[in-house]
>>> print(open('run_8.cif').read())   # mmCIF, C-alpha atoms
data_my_file
#
loop_
_atom_site.label_atom_id
_atom_site.label_comp_id
_atom_site.auth_asym_id
_atom_site.auth_seq_id
_atom_site.Cartn_x
_atom_site.Cartn_y
_atom_site.Cartn_z
CA MET B 1 -8.20 278.35 -161.60
CA THR B 2 -5.29 278.74 -159.16
CA GLN B 3 -5.02 276.97 -155.84
CA ASP B 4 -4.75 279.02 -152.64
CA PRO B 5 -1.20 278.45 -151.31
CA GLU B 6 -2.48 278.76 -147.75
CA ALA B 7 -5.17 276.11 -148.22
CA PRO B 8 -4.45 272.85 -146.39
CA ILE B 9 -3.18 270.00 -148.57
CA LEU B 10 -5.39 266.98 -148.29
CA LYS B 11 -3.42 263.75 -148.09
CA ALA B 12 -4.81 260.65 -149.70
CA ARG B 13 -5.84 258.13 -147.12
CA PRO B 14 -4.24 254.70 -147.40
CA ARG B 15 -6.74 252.26 -148.82
CA TRP B 16 -6.24 249.40 -146.40
CA HIS B 17 -9.49 247.76 -147.43
CA ILE B 18 -7.93 246.86 -150.82
CA ALA B 19 -5.20 244.84 -149.07
CA VAL B 20 -7.79 243.23 -146.80
CA PHE B 21 -9.82 242.00 -149.78
CA LEU B 22 -6.80 240.91 -151.84
CA THR B 23 -4.91 239.07 -149.09
CA PRO B 24 -7.10 235.91 -148.96
CA ALA B 25 -6.95 235.51 -152.75
CA LEU B 26 -3.18 236.06 -152.78
CA LEU B 27 -2.67 233.52 -150.00
CA VAL B 28 -4.75 230.88 -151.80
CA TYR B 29 -2.98 231.60 -155.11
CA THR B 30 0.42 231.38 -153.43
CA VAL B 31 -0.34 228.09 -151.69
CA VAL B 32 -2.10 226.45 -154.64
CA MET B 33 -0.08 227.83 -157.57
CA LEU B 34 3.19 229.56 -156.74
CA VAL B 35 4.55 227.15 -154.11
CA PRO B 36 3.95 223.99 -156.24
CA LEU B 37 5.40 225.78 -159.27
CA MET B 38 8.59 226.72 -157.44
CA GLN B 39 8.89 223.21 -155.99
CA THR B 40 8.53 221.71 -159.46
CA LEU B 41 11.16 224.04 -160.92
CA LEU B 42 13.59 223.13 -158.12
CA LEU B 43 12.82 219.42 -158.47
CA ALA B 44 13.68 219.62 -162.17
CA LEU B 45 17.21 220.70 -161.22
CA GLU B 46 17.81 217.78 -158.86
CA ASN B 47 18.22 214.03 -159.13
CA VAL B 48 19.39 211.02 -157.16
CA ARG B 49 23.11 210.18 -157.19
CA ASP B 50 24.40 207.29 -155.08
CA GLY B 51 21.15 207.25 -153.13
CA ASN B 52 21.36 210.96 -152.29
CA ARG B 53 19.29 213.82 -153.63
CA VAL B 54 21.73 216.28 -155.23
CA PHE B 55 21.63 219.36 -157.41
CA VAL B 56 22.39 218.43 -161.03
CA GLY B 57 21.62 221.69 -162.83
CA LEU B 58 20.43 221.15 -166.40
CA ASP B 59 21.39 217.46 -166.59
CA ASN B 60 17.75 216.37 -166.47
CA PHE B 61 16.97 218.54 -169.49
CA ARG B 62 19.98 217.19 -171.39
CA THR B 63 18.66 213.71 -170.71
CA LEU B 64 15.13 214.69 -171.69
CA PHE B 65 16.17 216.25 -175.00
CA GLY B 66 19.07 213.96 -175.90
CA ASP B 67 18.70 210.52 -174.33
CA PRO B 68 16.58 208.27 -176.61
CA ARG B 69 14.92 206.72 -173.55
CA PHE B 70 13.17 210.05 -172.94
CA SER B 71 13.74 212.21 -176.02
CA ASP B 72 11.92 209.93 -178.47
CA GLY B 73 8.74 210.06 -176.41
CA PHE B 74 9.10 213.77 -175.65
CA TRP B 75 9.54 214.90 -179.26
CA ASN B 76 6.73 212.61 -180.39
CA ALA B 77 4.43 214.07 -177.73
CA LEU B 78 5.45 217.62 -178.61
CA ARG B 79 4.80 217.02 -182.31
CA ASN B 80 1.38 215.56 -181.56
CA ASN B 81 0.63 218.48 -179.25
CA VAL B 82 1.45 220.97 -182.01
CA ILE B 83 -0.85 219.12 -184.42
CA PHE B 84 -3.53 219.02 -181.71
CA PHE B 85 -3.22 222.79 -181.28
CA ILE B 86 -3.20 223.56 -185.02
CA LEU B 87 -6.38 221.54 -185.58
CA HIS B 88 -8.12 223.51 -182.83
CA MET B 89 -6.94 226.82 -184.27
CA LEU B 90 -7.97 225.94 -187.83
CA ILE B 91 -11.29 224.24 -187.04
CA GLN B 92 -12.56 225.12 -183.56
CA ASN B 93 -11.96 228.88 -183.56
CA PRO B 94 -13.33 229.61 -187.08
CA ILE B 95 -16.43 227.56 -186.23
CA GLY B 96 -16.72 229.50 -182.95
CA ILE B 97 -16.52 232.80 -184.86
CA ALA B 98 -19.15 231.65 -187.37
CA LEU B 99 -21.53 230.46 -184.65
CA ALA B 100 -21.07 233.70 -182.70
CA ALA B 101 -21.81 235.72 -185.82
CA LEU B 102 -25.01 233.73 -186.43
CA LEU B 103 -26.14 234.07 -182.81
CA SER B 104 -25.60 237.83 -182.92
CA VAL B 105 -28.06 238.28 -185.80
CA PRO B 106 -30.79 240.54 -184.32
CA ARG B 107 -33.73 238.78 -185.99
CA LEU B 108 -32.70 235.25 -185.01
CA ARG B 109 -35.27 233.49 -182.82
CA GLY B 110 -34.42 231.04 -180.05
CA VAL B 111 -30.92 232.45 -179.47
CA ALA B 112 -30.92 231.39 -175.81
CA LEU B 113 -31.80 227.80 -176.75
CA TYR B 114 -29.08 227.57 -179.42
CA ARG B 115 -26.54 229.19 -177.13
CA THR B 116 -27.26 226.72 -174.33
CA ALA B 117 -27.21 223.68 -176.62
CA LEU B 118 -23.89 224.66 -178.19
CA PHE B 119 -22.24 225.50 -174.87
CA LEU B 120 -23.58 222.45 -172.99
CA PRO B 121 -20.77 220.02 -174.01
CA THR B 122 -18.22 222.38 -172.46
CA ILE B 123 -19.52 221.77 -168.95
CA LEU B 124 -19.65 217.98 -169.32
CA SER B 125 -17.08 215.80 -167.59
CA PHE B 126 -14.08 214.67 -169.65
CA VAL B 127 -14.76 211.10 -168.57
CA ILE B 128 -18.37 211.27 -169.77
CA VAL B 129 -17.39 212.81 -173.11
CA GLY B 130 -14.54 210.36 -173.66
CA PHE B 131 -16.63 207.29 -172.79
CA LEU B 132 -19.56 208.57 -174.86
CA TRP B 133 -17.50 209.04 -178.01
CA LYS B 134 -15.71 205.71 -177.54
CA LEU B 135 -19.14 204.08 -177.56
CA LEU B 136 -20.28 206.08 -180.58
CA LEU B 137 -17.17 205.30 -182.63
CA SER B 138 -16.75 201.67 -181.60
CA PRO B 139 -16.85 199.32 -184.62
CA LEU B 140 -18.43 196.58 -182.45
CA TRP B 141 -21.23 198.23 -180.48
CA GLY B 142 -21.09 201.87 -181.59
CA VAL B 143 -23.91 203.67 -183.37
CA ALA B 144 -21.67 205.43 -185.91
CA PRO B 145 -21.53 202.43 -188.33
CA ASN B 146 -25.31 202.05 -188.24
CA LEU B 147 -25.90 205.78 -188.69
CA LEU B 148 -23.61 205.88 -191.72
CA GLY B 149 -25.22 202.69 -193.00
CA SER B 150 -28.69 204.23 -192.77
CA ILE B 151 -27.67 206.89 -195.30
CA GLY B 152 -25.68 204.53 -197.50
CA LEU B 153 -22.22 205.63 -196.33
CA LYS B 154 -21.21 202.68 -194.15
CA SER B 155 -18.21 202.07 -196.42
CA LEU B 156 -16.73 205.33 -195.12
CA PHE B 157 -16.65 204.09 -191.53
CA ALA B 158 -13.36 202.93 -190.06
CA PRO B 159 -12.13 202.27 -186.50
CA TRP B 160 -10.57 205.72 -186.39
CA LEU B 161 -9.55 205.52 -182.72
CA GLY B 162 -7.63 202.32 -183.44
CA GLN B 163 -5.66 203.52 -186.46
CA GLU B 164 -2.42 205.42 -186.01
CA ALA B 165 -3.04 207.64 -189.03
CA TYR B 166 -6.45 208.88 -187.82
CA ALA B 167 -6.53 208.51 -184.03
CA LEU B 168 -5.10 211.95 -183.21
CA THR B 169 -7.44 213.66 -185.68
CA ALA B 170 -10.43 211.78 -184.26
CA VAL B 171 -9.57 212.74 -180.67
CA SER B 172 -8.95 216.34 -181.76
CA LEU B 173 -12.38 216.53 -183.40
CA VAL B 174 -14.00 215.23 -180.22
CA SER B 175 -12.15 217.90 -178.24
CA ILE B 176 -13.27 220.55 -180.76
CA TRP B 177 -16.88 219.39 -180.39
CA GLN B 178 -16.64 219.71 -176.63
CA PHE B 179 -14.95 223.10 -176.43
CA VAL B 180 -16.21 225.04 -179.44
CA GLY B 181 -18.65 226.73 -177.06
CA ILE B 182 -15.87 228.68 -175.33
CA PRO B 183 -14.67 230.72 -178.35
CA MET B 184 -18.29 231.01 -179.46
CA MET B 185 -19.38 232.64 -176.18
CA LEU B 186 -16.34 234.93 -175.90
CA ILE B 187 -16.70 236.22 -179.45
CA TYR B 188 -20.48 236.45 -179.12
CA ALA B 189 -20.02 238.64 -176.02
CA ALA B 190 -17.64 240.87 -177.99
CA LEU B 191 -20.05 241.16 -180.94
CA ILE B 192 -23.06 242.21 -178.87
CA THR B 193 -21.01 244.94 -177.15
CA ILE B 194 -20.23 246.70 -180.43
CA PRO B 195 -22.00 250.10 -180.21
CA ALA B 196 -25.24 250.26 -182.17
CA GLU B 197 -24.16 253.62 -183.62
CA VAL B 198 -21.30 251.92 -185.45
CA ILE B 199 -23.62 249.35 -187.02
CA GLU B 200 -26.17 252.01 -187.96
CA ALA B 201 -23.48 254.15 -189.58
CA ALA B 202 -22.30 251.15 -191.60
CA GLU B 203 -25.86 250.40 -192.73
CA CYS B 204 -26.32 254.02 -193.79
CA ASP B 205 -23.24 253.59 -196.00
CA GLY B 206 -24.75 250.45 -197.50
CA ILE B 207 -22.48 248.00 -195.68
CA THR B 208 -24.58 245.03 -194.60
CA GLY B 209 -24.44 241.24 -194.29
CA PHE B 210 -21.09 239.49 -194.73
CA LYS B 211 -19.46 242.70 -195.91
CA GLN B 212 -20.42 244.40 -192.64
CA PHE B 213 -19.05 241.54 -190.58
CA PHE B 214 -15.66 241.38 -192.30
CA LYS B 215 -15.13 245.14 -192.68
CA ILE B 216 -16.69 246.50 -189.48
CA LYS B 217 -17.24 243.85 -186.82
CA LEU B 218 -14.22 241.60 -187.37
CA PRO B 219 -11.59 244.37 -186.88
CA LEU B 220 -13.38 245.47 -183.69
CA ILE B 221 -13.25 241.98 -182.14
CA LEU B 222 -9.64 241.19 -183.08
CA PRO B 223 -8.45 241.56 -179.44
CA THR B 224 -11.04 238.97 -178.37
CA ILE B 225 -9.98 236.64 -181.18
CA GLY B 226 -6.38 237.03 -180.00
CA LEU B 227 -7.45 236.17 -176.45
CA VAL B 228 -9.28 233.09 -177.77
CA GLY B 229 -6.09 232.05 -179.56
CA VAL B 230 -4.06 232.35 -176.36
CA LEU B 231 -6.63 230.38 -174.36
CA THR B 232 -6.62 227.70 -177.06
CA PHE B 233 -2.82 227.52 -176.93
CA VAL B 234 -2.68 227.24 -173.14
CA GLY B 235 -5.56 224.76 -172.97
CA ASN B 236 -4.15 222.51 -175.69
CA PHE B 237 -0.66 222.35 -174.21
CA ASN B 238 -2.19 221.56 -170.81
CA ALA B 239 -4.54 218.93 -172.23
CA PHE B 240 -4.62 215.50 -170.64
CA ASP B 241 -8.05 214.40 -169.42
CA LEU B 242 -9.86 213.71 -172.68
CA ILE B 243 -7.04 211.74 -174.29
CA TYR B 244 -6.53 209.76 -171.08
CA ALA B 245 -10.26 208.98 -170.95
CA MET B 246 -10.42 207.90 -174.60
CA GLN B 247 -7.01 206.33 -175.28
CA GLY B 248 -5.61 205.53 -171.84
CA ALA B 249 -2.24 206.46 -170.34
CA LEU B 250 -0.36 204.88 -173.25
CA ALA B 251 -2.21 207.22 -175.66
CA GLY B 252 -2.48 204.52 -178.29
CA PRO B 253 -2.33 203.12 -180.75
CA ASN B 254 1.46 203.07 -180.55
CA PHE B 255 1.60 206.52 -178.86
CA SER B 256 -0.04 208.16 -181.89
CA THR B 257 -2.25 210.32 -179.63
CA ASP B 258 0.44 210.92 -177.00
CA ILE B 259 0.74 214.59 -176.00
CA LEU B 260 2.83 216.32 -173.36
CA GLY B 261 0.18 215.84 -170.67
CA THR B 262 -0.03 212.06 -171.07
CA TYR B 263 3.74 211.79 -171.49
CA LEU B 264 4.23 213.72 -168.23
CA TYR B 265 1.79 211.40 -166.46
CA ARG B 266 3.73 208.28 -167.47
CA ILE B 267 7.14 209.73 -166.64
CA PHE B 268 6.15 211.18 -163.27
CA PHE B 269 3.83 208.49 -161.92
CA GLY B 270 4.96 205.50 -163.94
CA PHE B 271 2.70 203.05 -165.74
CA GLN B 272 2.50 199.26 -165.79
CA LEU B 273 6.12 198.04 -165.45
CA GLN B 274 7.63 201.51 -165.86
CA ALA B 275 8.66 203.10 -162.57
CA GLY B 276 7.90 206.75 -162.02
CA ASP B 277 10.70 209.32 -161.97
CA ARG B 278 9.63 212.52 -160.25
CA TYR B 279 12.80 214.38 -161.21
CA MET B 280 12.44 213.70 -164.93
CA GLY B 281 8.71 214.27 -164.59
CA ALA B 282 9.43 217.68 -163.10
CA ALA B 283 11.74 218.37 -166.08
CA VAL B 284 8.88 217.55 -168.48
CA ALA B 285 6.51 219.78 -166.48
CA THR B 286 9.06 222.61 -166.56
CA ALA B 287 9.47 222.21 -170.33
CA MET B 288 5.67 222.45 -170.71
CA PHE B 289 5.63 225.55 -168.51
CA LEU B 290 8.35 227.22 -170.60
CA ILE B 291 6.57 226.40 -173.87
CA ILE B 292 3.35 227.95 -172.59
CA LEU B 293 5.24 230.95 -171.17
CA LEU B 294 6.98 231.58 -174.51
CA GLY B 295 3.71 231.33 -176.42
CA VAL B 296 1.85 233.71 -174.11
CA SER B 297 4.79 236.15 -174.06
CA PHE B 298 4.88 236.15 -177.87
CA TYR B 299 1.22 237.13 -177.92
CA LEU B 300 1.53 239.81 -175.25
CA PHE B 301 4.68 241.51 -176.53
CA VAL B 302 4.36 240.99 -180.30
CA VAL B 303 0.82 240.27 -181.44
CA GLN B 304 -1.08 242.42 -178.94
CA ARG B 305 1.15 245.44 -179.54
CA ARG B 306 0.46 245.27 -183.26
CA MET B 307 -3.27 245.01 -182.54
CA ARG B 308 -3.13 248.17 -180.42
CA ARG B 309 -1.21 249.98 -183.14
CA TYR B 310 -3.83 248.86 -185.67
CA GLN B 311 -6.66 250.10 -183.46
CA MET B 312 -5.00 253.47 -182.98
#
>>> encode(input="run_8.cif", output="structure tokens")
Amino acid sequence: MTQDPEAPILKARPRWHIAVFLTPALLVYTVVMLVPLMQTLLLALENVRDGNRVFVGLDNFRTLFGDPRFSDGFWNALRNNVIFFILHMLIQNPIGIALAALLSVPRLRGVALYRTALFLPTILSFVIVGFLWKLLLSPLWGVAPNLLGSIGLKSLFAPWLGQEAYALTAVSLVSIWQFVGIPMMLIYAALITIPAEVIEAAECDGITGFKQFFKIKLPLILPTIGLVGVLTFVGNFNAFDLIYAMQGALAGPNFSTDILGTYLYRIFFGFQLQAGDRYMGAAVATAMFLIILLGVSFYLFVVQRRMRRYQM
């Protein structure tokens, strides 16, 4: 079909309504996110010299990474943060996948009840969760020793939150308990959107049960699993509230549960006899931002591209 050369050319009308709807959101995002981010990045490049605020370039980062006054705490917090993240990736996300797979079973009764119960801890306050688990695990007035004693396992109980070797693992498990509902719901949503024709075709070929999940469903939800991994990475390297509620600003015992969020809090605002340093605090915040940016970029430009190639 050829177009009449004499026919008038219709010009697309400018869609001003799109700008009208987007402008309020962009303004709020700019004021709440972009402006503080830029101010923090600029603050990280400045410091006080002879009572004056001057531009010092990367000196704050050299101090942060090389001066024992700051570097010892920073590298310890970064190491703990990596362990915190790995525990979530190895425990939380596989449990979330398993729970989502169970909830997606067509003949399972009471799915809505299970789904609500498993997701409920996610919406609880960090303070409530932290205080609750401190009470449960307390060797003095907690219920954990009595519960283990009732089944003859009281000898296994230990004050995990007060031991350097186990405190970070204990706090990580509490965090996993609270947030396992997020990967569960995301993966569950991906599983129930798989076309029924695909499942029926697999059943016609005799692929059912675990074999069907690993050979048919799992490859189809890989993008969602990747998204869950990214959200876990960002959430863990931004974590602060739960550890602060359970272990305090010093992230004890002996900084064994200290992560970048709690370390940033102490450097920026100060604690007890330690005075706050907003310039070094901004340097820590910038380092956290760069770590998260590198991790997300790695997923977007390396992992996600391979997933698309696999799907094609």
>>> resolve_selection(input="run_8.cif", expression="the PyMOL selection byres ((chain B and resi 109-122) around 7)", output="MDAnalysis selection string")
chainID B and resid 103 107:108 123:124 178:179 181
>>> write_last_selection(input="run_8.cif", atoms="C-alpha atoms", output="CSV table (one decimal), in the frame of the given file")
chain,number,residue,atom,x,y,z
B,103,LEU,CA,-26.1,234.1,-182.8
B,107,ARG,CA,-33.7,238.8,-186.0
B,108,LEU,CA,-32.7,235.2,-185.0
B,123,ILE,CA,-19.5,221.8,-169.0
B,124,LEU,CA,-19.6,218.0,-169.3
B,178,GLN,CA,-16.6,219.7,-176.6
B,179,PHE,CA,-15.0,223.1,-176.4
B,181,GLY,CA,-18.6,226.7,-177.1
>>> atom_distance(input="run_8.cif", atom1="CA of Ala285 (chain B)", atom2="CA of Asn238 (chain B)")
9.9 Å
>>> closest_residue(input="run_8.cif", among="B:Ile97, B:Val234, B:Val198, B:Leu135", to="Leu293 (chain B)", atoms="only C-alpha atoms")
B:Val234
>>> resolve_selection(input="run_8.cif", expression="the PyMOL selection byres ((chain B and resi 101) around 12)", output="tab-separated table (two decimals) with C-alpha atoms, in the frame of the given file")
chain	number	residue	atom	x	y	z
B	94	PRO	CA	-13.33	229.61	-187.08
B	95	ILE	CA	-16.43	227.56	-186.23
B	96	GLY	CA	-16.72	229.50	-182.95
B	97	ILE	CA	-16.52	232.80	-184.86
B	98	ALA	CA	-19.15	231.65	-187.37
B	99	LEU	CA	-21.53	230.46	-184.65
B	100	ALA	CA	-21.07	233.70	-182.70
B	102	LEU	CA	-25.01	233.73	-186.43
B	103	LEU	CA	-26.14	234.07	-182.81
B	104	SER	CA	-25.60	237.83	-182.92
B	105	VAL	CA	-28.06	238.28	-185.80
B	106	PRO	CA	-30.79	240.54	-184.32
B	108	LEU	CA	-32.70	235.25	-185.01
B	111	VAL	CA	-30.92	232.45	-179.47
B	115	ARG	CA	-26.54	229.19	-177.13
B	183	PRO	CA	-14.67	230.72	-178.35
B	184	MET	CA	-18.29	231.01	-179.46
B	185	MET	CA	-19.38	232.64	-176.18
B	186	LEU	CA	-16.34	234.93	-175.90
B	187	ILE	CA	-16.70	236.22	-179.45
B	188	TYR	CA	-20.48	236.45	-179.12
B	189	ALA	CA	-20.02	238.64	-176.02
B	190	ALA	CA	-17.64	240.87	-177.99
B	191	LEU	CA	-20.05	241.16	-180.94
B	192	ILE	CA	-23.06	242.21	-178.87
B	209	GLY	CA	-24.44	241.24	-194.29
B	210	PHE	CA	-21.09	239.49	-194.73
B	212	GLN	CA	-20.42	244.40	-192.64
B	213	PHE	CA	-19.05	241.54	-190.58
B	214	PHE	CA	-15.66	241.38	-192.30
B	217	LYS	CA	-17.24	243.85	-186.82
B	218	LEU	CA	-14.22	241.60	-187.37
B	221	ILE	CA	-13.25	241.98	-182.14
>>> atom_distance(input="run_8.cif", atom1="CA of Thr232 (chain B)", atom2="CA of Asn93 (chain B)")
8.5 Å
>>> closest_residue(input="run_8.cif", among="B:Thr262, B:Thr23, B:Asn81, B:Thr286", to="Ala44 (chain B)", atoms="only C-alpha atoms")
B:Thr286
>>> closest_residue(input="run_8.cif", among="B:Ile151, B:Ala249, B:Ala287, B:Val20", to="Thr40 (chain B)", atoms="all atoms listed in the file")
B:Ala287
>>> atom_distance(input="run_8.cif", atom1="CA of Asp241 (chain B)", atom2="CA of Val174 (chain B)")
12.4 Å
>>> resolve_selection(input="run_8.cif", expression="the PyMOL selection byres ((chain B and resi 54-71) around 10)", output="list in words")
Leu42, Leu43, Ala44, Leu45, Glu46, Asn47, Val48, Arg49, Asp50, Gly51, Asn52, Arg53, Asp72, Gly73, Phe74, Trp75, Asn76, Ala77, Tyr263, Ile267, Tyr279, Met280, Gly281, Ala282, Ala283, Val284, Thr286 and Ala287 of chain B
